[in-house]
Structure formats: structure tokens, C-alpha cells
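Trainee: Mind having a look at this structure? Questions to follow.
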Amino acid sequence: MKVNFVDLKAQYQSIKPEIDSAIQDVISNTAFILGKAVADFEEKFAAYCGVKYCLGINSGTSALIMAMKALGIGEGDEVITTTNTFIATAEAISYAGARPVLVDIEDESYNMDPAKLEKAITKKTKAIIPVHLYGQPADMEPILEIARKKGIVVIEDACQAHGAEYKGKRTGSLGRVGCFSFYPGKNLGAYGEGGGVTTDDEEIAQKVKMLRDHGSPKKFYHEYVGNNCRLEGIQGAVLAVKLKHLDRWNDGRRKNADLYRKYLKGTDVGLPREMPYAKHVYHVFCIRVKDRENLINFLKDKGIFTNIHYPIPIHLQKAYSFLGYKKGDFPVTEGCMDQILSLPMFAELTEEEIKYTADCIKEFYGQK
Ligand SMILES: Cc1ncc(COP(=O)(O)O)c(C=O)c1O
């Protein structure tokens with residue numbers, strides 16, 4: 001048996017007629033950049049997240065940069081995020097002109113530890129970017145409370161958490177601004193690059209709208225030094241079709257997470273915890289294991305493809321050596337980075353594939 005890490009073909013097959021016709025419409029209308037398809041998606045995704053505005057952007061990385069630029073963040077400022085994230089969170093801070101300041105995570109949720117946040121705040125801190133890693137929201141209430149007390153803005157990195165909820169509220173509606181990636185493999189993925197900024201703040205929305213399009217409120221009039229970060233029409237059309245299926249796909253992922261739990265119960269494998277405040281959407285199903293390299297190779301020989309999110313935290317990446325952090329600075333992240341392993345996860349994964357994966361893991365550990 002072969003178990004893919006993700007399977008975008010299976011998903012496409014299940015919605016092929018809708019997708020093909022939506023893409024054909026964009027081509028027939030030659031509305032390739034922004035246009036009606038993007039505006040339609042923006043309206044629907046804003047409503048889905050429970051905010052007034054969504055702006056289509058050309059990637060999640062650009063969405064984070066646009067959000068920070070719209071908030072006036074730049075040279076001389078510090079922005080706090082976690083060390084256990086994809087490099088793009090830190091890169092966006094750097095490209096906005098600011099300095100990333102890192103904090104450690106909670107062992108159970110893999111997300112920013114609010115108890116460690118206050119110590120990282122200085123006079124230069126302009127924003128906090130909690131990352132809803134693996135599809136589980138960070139513990140937003142204490143983070144928002146600290147930010148409120150200190151007069152600092154909160155930007156959600158919701159790039160892995162489309163449709164996830166914190167105490168019943170969807171991600172993208174929890175901070176002042178939410179940033180999404182619609183990279184193809186995400187829970188809501190385009191057929192190319194894509195991203196979005198969500199907010200209830202009209203001023204920020206208007207500014208992001210201009211910044212993504214050369215700082216321009218109307219053609220050839222430029223109010224700000226902007227950039228070209230527009231979402232393409234075809235991506236807007238694909239995303240609007242796929243948004244209709246997102247809850248069903250997220251339910252499928254949650255069901256698959258339960259099946260992994262059922263079949264891996266009683267083993268030495270550490271299973272992910274769904275925090276009491278969270279509705280997790282399992283963009284990544286991350287387990288904790290011993291002897292990881294050998295397990296990865298054993299599973300590969302059995303036709304099962306896994307991944308590691310992420311093998312090297314930001315503070316140990318060469319690109320960020322200039323920040324001056326060293327090994328030992330973030331013990332919780334460092335304690336799990338050699339143990340974490342992401343198992344195959346997508347809505348169309350079958351119970352048979354999940355059971356096979358769990359059986360192979362048990363076989364490796366002699367726990368069958
Ligand atoms: C947590 C996180 N932040 C930011 C990004 C950047 O998104 P994109 O790849 O669309 O630029 C990603 C994408 O993988 C991500 O997982």
C-alpha cells in the first residue's frame with residue numbers, strides 16, 4: 001500500500017466539474033488579476049472568518065508583510081513571534097524592516113507560550129504574531145490581554161489554520177489582522193500561490209488594498225510606496241469553489257485525527273492534544289516519537305510518506321544567526337524538535353490507510 005503525505009489529486013477529482021467551470025469563466029472573461037472572482041472570494045472568506053474585510057494577496061508571506069506595512073511597522077521596530085514556525089513568519093518581519101524577537105512554545109500545544117511573552121516585550125515592540133501552528137489556535141486570550149495592556153497590536157499567522165476556532169471564534173477574527181496562506185497543500189489551498197489578509201478595521205483594509213497594488217487607490221495614482229502582491233483571478237475562482245467544501249474537509253481531517261488516536265492508543269507514540277479552548281483543523285497531524293530517523297525510513301519502505309514541521313527552529317537557522325540566539329535559549333522547542341513527526345493527513349485519507357500507518361508504526365516499535 002502507498003500512503004501519500006497529501007493527495008491533491010483525490011481532492012481535485014471530487015470537485016472537478018465545479019473547478020473546471022470556475023477556471024473557464026475566468027479565462028473567458030480574461031479577468032486574470034484581481035477582478036470579480038477575487039472580489040467574490042474576498043467577500044465570502046471575510047464572512048466565513050466573521051470579519052468585515054478580506055483582501056486577496058499573492059501569498060501568505062506577502063499577506064504578513066502587507067499587514068505589518070499597513071500597521072506602519074518598519075525600521076527600528078521589534079515584532080515578537082515563536083521560534084517554532086515556518087521561516088516565512090520571521091522573513092515577513094524582516095522584509096517589513098523590523099527585527100524578529102522570538103519566544104518559546106508550550107509543550108502541549110506547540111504554540112506561543114503566553115507566560116513567556118511579557119519578558120520579550122521592549123519599548124521597540126510594535127506587534128505580536130502568534131502562529132496557529134498545525135491548525136490549532138494559539139491561546140489568544142492571555143496574548144491579547146498582554147498586548148492590550150502594553151498597547152501592542154496582534155497579527156495572527158493563520159496560514160495553517162483555515163476554519164480553526166478559539167472559544168467558538170474563527171481564526172482571522174481574533175487579532176487586529178489575520179494572515180492566511182492559500183498554498184496548494186493548505187486546508188484551503190489555491191492552484192498556485194495565494195494569500196489573504198482579514199480584518200474588521202476599515203483603515204487597515206483600505207491600506208492593504210492599496211499596498212498590494214503599488215500603493216494605488218486608482219490606476220496611475222500612487223499614495224504609498226506599495227508592491228505587486230495581487231491575487232490572481234484563477235486563484236480567487238478556485239478558492240471560492242473550495243471554500244464551500246472547507247468545513248466538510250476540516251471535519252474529515254478531525255475524523256482522521258480521531259482514527260489515528262484510536263489506532264495508536266496504548267503505544268509509546270505521543271499524540272497531539274486538542275486544547276480545551278480550541279477547534280483544531282489538523283493541517284498537520286504531529287506525533288512525538290523516539291528513534292525518528294529509523295522510523296521515517298521504515299515507514300518509507302512500507303510506502304508511507306511523512307514529514308517534519310520543523311526540523312530546525314528559527315533561532316537555529318543560519319539565516320537568523322545574526323539575531324544572536326544560541327542553542328539552549330528555547331528549551332521547549334529544542335526538546336521536541338528531534339521527536340516531532342508529521343503523519344499523512346488530508347480529508348480523503350481512508351481508515352484503511354490510517355490503520356495501515358498505525359500498524360506499521362506499532363511494528364517498528366514491536367508493539368503490535
Ligand atoms: C505558519 C506559516 N506562516 C507563513 C507561511 C507562508 O505562506 P506562503 O507559503 O503562502 O507564503 C506559511 C506557509 O507555509 C506557514 O505555514
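Ordered as shown in the C-alpha cells, chains take letters A, B, and onward, while each chain numbers its residues from 1 and ligands are numbered from 1 in the order shown.
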Under the rule of at most 9 Å, produce a per-residue listing of chain A near ligand 1: chain, number, name, the closest pair of atoms, and the distance in Å, as JSON lines, using only C-alpha atoms and all ligand atoms.
Mentor:
```
{"residue": "A:Asn58", "atom": "CA", "partner": "ligand 1", "partner_atom_place_in_ligand_line": "10 (O)", "distance": 7.6}
{"residue": "A:Ser59", "atom": "CA", "partner": "ligand 1", "partner_atom_place_in_ligand_line": "10 (O)", "distance": 3.9}
{"residue": "A:Gly60", "atom": "CA", "partner": "ligand 1", "partner_atom_place_in_ligand_line": "7 (O)", "distance": 3.5}
{"residue": "A:Thr61", "atom": "CA", "partner": "ligand 1", "partner_atom_place_in_ligand_line": "11 (O)", "distance": 3.7}
{"residue": "A:Ser62", "atom": "CA", "partner": "ligand 1", "partner_atom_place_in_ligand_line": "11 (O)", "distance": 6.4}
{"residue": "A:Ala63", "atom": "CA", "partner": "ligand 1", "partner_atom_place_in_ligand_line": "11 (O)", "distance": 7.8}
{"residue": "A:Leu64", "atom": "CA", "partner": "ligand 1", "partner_atom_place_in_ligand_line": "4 (C)", "distance": 7.6}
{"residue": "A:Thr85", "atom": "CA", "partner": "ligand 1", "partner_atom_place_in_ligand_line": "1 (C)", "distance": 5.6}
{"residue": "A:Phe86", "atom": "CA", "partner": "ligand 1", "partner_atom_place_in_ligand_line": "1 (C)", "distance": 5.0}
{"residue": "A:Ile87", "atom": "CA", "partner": "ligand 1", "partner_atom_place_in_ligand_line": "3 (N)", "distance": 7.3}
{"residue": "A:Ala88", "atom": "CA", "partner": "ligand 1", "partner_atom_place_in_ligand_line": "4 (C)", "distance": 4.7}
{"residue": "A:Thr89", "atom": "CA", "partner": "ligand 1", "partner_atom_place_in_ligand_line": "3 (N)", "distance": 4.9}
{"residue": "A:Ala90", "atom": "CA", "partner": "ligand 1", "partner_atom_place_in_ligand_line": "3 (N)", "distance": 8.5}
{"residue": "A:Glu91", "atom": "CA", "partner": "ligand 1", "partner_atom_place_in_ligand_line": "4 (C)", "distance": 8.9}
{"residue": "A:Ala92", "atom": "CA", "partner": "ligand 1", "partner_atom_place_in_ligand_line": "4 (C)", "distance": 8.2}
{"residue": "A:Val131", "atom": "CA", "partner": "ligand 1", "partner_atom_place_in_ligand_line": "1 (C)", "distance": 5.9}
{"residue": "A:His132", "atom": "CA", "partner": "ligand 1", "partner_atom_place_in_ligand_line": "1 (C)", "distance": 7.1}
{"residue": "A:Leu133", "atom": "CA", "partner": "ligand 1", "partner_atom_place_in_ligand_line": "1 (C)", "distance": 6.1}
{"residue": "A:Tyr134", "atom": "CA", "partner": "ligand 1", "partner_atom_place_in_ligand_line": "16 (O)", "distance": 8.1}
{"residue": "A:Asp157", "atom": "CA", "partner": "ligand 1", "partner_atom_place_in_ligand_line": "3 (N)", "distance": 5.8}
{"residue": "A:Ala158", "atom": "CA", "partner": "ligand 1", "partner_atom_place_in_ligand_line": "1 (C)", "distance": 6.8}
{"residue": "A:Cys159", "atom": "CA", "partner": "ligand 1", "partner_atom_place_in_ligand_line": "2 (C)", "distance": 4.8}
{"residue": "A:Gln160", "atom": "CA", "partner": "ligand 1", "partner_atom_place_in_ligand_line": "16 (O)", "distance": 5.3}
{"residue": "A:Ala161", "atom": "CA", "partner": "ligand 1", "partner_atom_place_in_ligand_line": "1 (C)", "distance": 8.7}
{"residue": "A:Cys179", "atom": "CA", "partner": "ligand 1", "partner_atom_place_in_ligand_line": "4 (C)", "distance": 8.1}
{"residue": "A:Phe180", "atom": "CA", "partner": "ligand 1", "partner_atom_place_in_ligand_line": "7 (O)", "distance": 7.1}
{"residue": "A:Ser181", "atom": "CA", "partner": "ligand 1", "partner_atom_place_in_ligand_line": "10 (O)", "distance": 4.0}
{"residue": "A:Phe182", "atom": "CA", "partner": "ligand 1", "partner_atom_place_in_ligand_line": "10 (O)", "distance": 5.7}
{"residue": "A:Tyr183", "atom": "CA", "partner": "ligand 1", "partner_atom_place_in_ligand_line": "10 (O)", "distance": 4.8}
{"residue": "A:Pro184", "atom": "CA", "partner": "ligand 1", "partner_atom_place_in_ligand_line": "10 (O)", "distance": 8.7}
{"residue": "A:Gly185", "atom": "CA", "partner": "ligand 1", "partner_atom_place_in_ligand_line": "14 (O)", "distance": 8.7}
{"residue": "A:Lys186", "atom": "CA", "partner": "ligand 1", "partner_atom_place_in_ligand_line": "14 (O)", "distance": 7.8}
{"residue": "A:Glu193", "atom": "CA", "partner": "ligand 1", "partner_atom_place_in_ligand_line": "10 (O)", "distance": 6.2}
{"residue": "A:Gly194", "atom": "CA", "partner": "ligand 1", "partner_atom_place_in_ligand_line": "10 (O)", "distance": 5.8}
{"residue": "A:Gly195", "atom": "CA", "partner": "ligand 1", "partner_atom_place_in_ligand_line": "10 (O)", "distance": 5.7}
```
Trainee: Can you tell me, as a ChimeraX atom specification, what residues are no more than 10 Å from Asp268 of chain A when counting only C-alpha atoms, ignoring any on the same chain fewer than 6 positions away?
Mentor: /A:288-290,361-362,365,367
Trainee: Set the distance at 12 Å and use only C-alpha atoms: which residues neighbour Arg261 of chain A once local chain neighbours fewer than 2 positions away are removed? I'd like the list as a ChimeraX atom specification.
Mentor: /A:254-259,263-267,269-274,285-287,343,351,354-355,357-358
Trainee: Restrict the selected residues to N, CA, C and O atoms and save them as a CSV table (one decimal), in the first residue's frame.
Mentor:
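Dumped to result.csv:
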```
chain,number,residue,atom,x,y,z
A,254,ARG,N,-10.5,16.1,11.1
A,254,ARG,CA,-10.8,15.8,12.5
A,254,ARG,C,-11.1,14.3,12.7
A,254,ARG,O,-10.7,13.7,13.7
A,255,LYS,N,-11.9,13.8,11.8
A,255,LYS,CA,-12.3,12.4,11.9
A,255,LYS,C,-11.0,11.5,11.8
A,255,LYS,O,-10.8,10.5,12.5
A,256,ASN,N,-10.2,11.9,10.8
A,256,ASN,CA,-9.0,11.1,10.6
A,256,ASN,C,-8.0,11.2,11.8
A,256,ASN,O,-7.3,10.2,12.2
A,257,ALA,N,-8.0,12.4,12.5
A,257,ALA,CA,-7.2,12.5,13.7
A,257,ALA,C,-7.7,11.6,14.8
A,257,ALA,O,-6.9,10.9,15.5
A,258,ASP,N,-9.0,11.5,14.9
A,258,ASP,CA,-9.6,10.5,15.9
A,258,ASP,C,-9.2,9.1,15.6
A,258,ASP,O,-9.0,8.3,16.5
A,259,LEU,N,-9.2,8.8,14.3
A,259,LEU,CA,-8.8,7.4,13.9
A,259,LEU,C,-7.4,7.1,14.2
A,259,LEU,O,-7.0,6.0,14.7
A,263,TYR,N,-6.2,4.1,16.7
A,263,TYR,CA,-5.3,3.0,16.3
A,263,TYR,C,-3.9,3.1,16.9
A,263,TYR,O,-3.1,2.1,16.9
A,264,LEU,N,-3.5,4.3,17.4
A,264,LEU,CA,-2.2,4.5,18.1
A,264,LEU,C,-2.3,4.4,19.6
A,264,LEU,O,-1.3,4.6,20.3
A,265,LYS,N,-3.5,4.2,20.1
A,265,LYS,CA,-3.7,4.2,21.6
A,265,LYS,C,-2.9,3.1,22.2
A,265,LYS,O,-2.8,2.0,21.6
A,266,GLY,N,-2.3,3.4,23.4
A,266,GLY,CA,-1.6,2.3,24.1
A,266,GLY,C,-0.2,2.1,23.6
A,266,GLY,O,0.6,1.3,24.1
A,267,THR,N,0.3,2.9,22.6
A,267,THR,CA,1.7,2.8,22.1
A,267,THR,C,2.5,3.9,22.8
A,267,THR,O,1.9,4.8,23.5
A,269,VAL,N,3.9,6.3,21.2
A,269,VAL,CA,3.8,7.5,20.4
A,269,VAL,C,3.1,8.6,21.1
A,269,VAL,O,2.0,8.4,21.7
A,270,GLY,N,3.6,9.8,21.1
A,270,GLY,CA,3.0,10.9,21.8
A,270,GLY,C,2.0,11.5,20.8
A,270,GLY,O,2.3,11.9,19.6
A,271,LEU,N,0.7,11.6,21.2
A,271,LEU,CA,-0.3,12.1,20.3
A,271,LEU,C,-0.6,13.6,20.5
A,271,LEU,O,-0.4,14.1,21.6
A,272,PRO,N,-1.1,14.3,19.5
A,272,PRO,CA,-1.3,15.7,19.6
A,272,PRO,C,-2.5,16.0,20.6
A,272,PRO,O,-3.5,15.2,20.6
A,273,ARG,N,-2.4,17.1,21.3
A,273,ARG,CA,-3.5,17.4,22.3
A,273,ARG,C,-4.4,18.5,21.7
A,273,ARG,O,-3.9,19.5,21.2
A,274,GLU,N,-5.7,18.3,21.7
A,274,GLU,CA,-6.6,19.4,21.3
A,274,GLU,C,-6.9,20.2,22.6
A,274,GLU,O,-7.4,19.6,23.5
A,285,PHE,N,-0.8,16.6,11.4
A,285,PHE,CA,-1.0,15.7,12.5
A,285,PHE,C,0.4,15.3,13.0
A,285,PHE,O,1.1,14.5,12.4
A,286,CYS,N,0.8,16.0,14.1
A,286,CYS,CA,2.1,15.9,14.6
A,286,CYS,C,2.2,15.0,15.8
A,286,CYS,O,1.6,15.2,16.8
A,287,ILE,N,3.0,13.9,15.7
A,287,ILE,CA,3.2,13.0,16.8
A,287,ILE,C,4.6,13.2,17.3
A,287,ILE,O,5.4,13.8,16.7
A,343,LEU,N,2.4,12.9,10.3
A,343,LEU,CA,1.9,11.7,9.6
A,343,LEU,C,1.0,12.2,8.4
A,343,LEU,O,0.6,13.4,8.4
A,351,GLU,N,-9.7,5.1,6.2
A,351,GLU,CA,-9.5,4.4,7.5
A,351,GLU,C,-8.5,3.3,7.3
A,351,GLU,O,-7.6,3.1,8.2
A,354,ILE,N,-5.0,4.8,7.4
A,354,ILE,CA,-4.7,5.2,8.7
A,354,ILE,C,-4.3,4.0,9.6
A,354,ILE,O,-3.3,4.0,10.3
A,355,LYS,N,-5.1,2.9,9.5
A,355,LYS,CA,-4.8,1.7,10.2
A,355,LYS,C,-3.5,1.1,9.8
A,355,LYS,O,-2.7,0.7,10.7
A,357,THR,N,-0.9,2.7,8.5
A,357,THR,CA,0.2,3.5,9.0
A,357,THR,C,0.4,3.2,10.5
A,357,THR,O,1.5,3.1,10.9
A,358,ALA,N,-0.7,3.2,11.3
A,358,ALA,CA,-0.6,2.9,12.7
A,358,ALA,C,0.0,1.5,12.9
A,358,ALA,O,0.9,1.3,13.8
```
Trainee: Closest to Met210 of chain A among A:Lys244, A:Arg99, A:Lys44, A:Lys69, using only C-alpha atoms?
Mentor: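 Of all the options, A:Lys69 lies closest to Met210 of chain A.
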Trainee: Name all residues at most 9 Å from Phe330 of chain A (count only C-alpha atoms; drop same-chain ones fewer than 2 positions away) and give them as a ChimeraX atom specification.
Mentor: /A:83,102-105,315,326-328,332-335
Trainee: Segment 239-241 of chain A: which residues within 12 Å, counting only C-alpha atoms, same-chain residues fewer than 3 positions away excluded, as an MDAnalysis selection string?
Mentor: chainID A and resid 12 14:23 36:46 48 56 162 181:184 186:196 231:236 244:246
Trainee: From the list A:Ile129, A:Ala70, A:Ile143, A:Ala278, which residue is nearest Gly168 of chain A when using only C-alpha atoms?
Mentor: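 Between A:Ile129, A:Ala70, A:Ile143, A:Ala278, the residue approaching Gly168 of chain A most closely is A:Ala278.
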Trainee: Apply DSSP to the backbone of this structure and, from segment 222-272 of chain A, keep only the residues in helix (DSSP H, G or I); write these as number ranges by chain.
Mentor: A: 233-264
Trainee: Could you go through segment 58-175 of chain A and tell me which residues DSSP, when run on the backbone, assigns to strand (DSSP E), listing them as a list in words?
Mentor: Glu78, Val79, Ile80, Thr81, Thr82, Arg99, Pro100, Val101, Leu102, Val103, Thr125, Lys126, Ala127, Ile128, Val153, Val154, Ile155, Glu156, Asp157, Glu165, Tyr166, Lys169 and Arg170 of chain A
Trainee: So, with only C-alpha atoms as the atoms that count, which of A:Val225, A:Glu353, A:Pro137, A:Ile155 lies closest to Val79 of chain A?
Mentor: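 That would be A:Ile155, the residue with the smallest distance to Val79 of chain A.
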Trainee: Select, from A:Ile128, A:Met345, A:Val177, A:Val26, the residue with the minimum atom-to-atom distance to Cys54 of chain A, counting only C-alpha atoms.
Mentor: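 When distances to Cys54 of chain A are compared using only C-alpha atoms, the smallest one comes from A:Val177.
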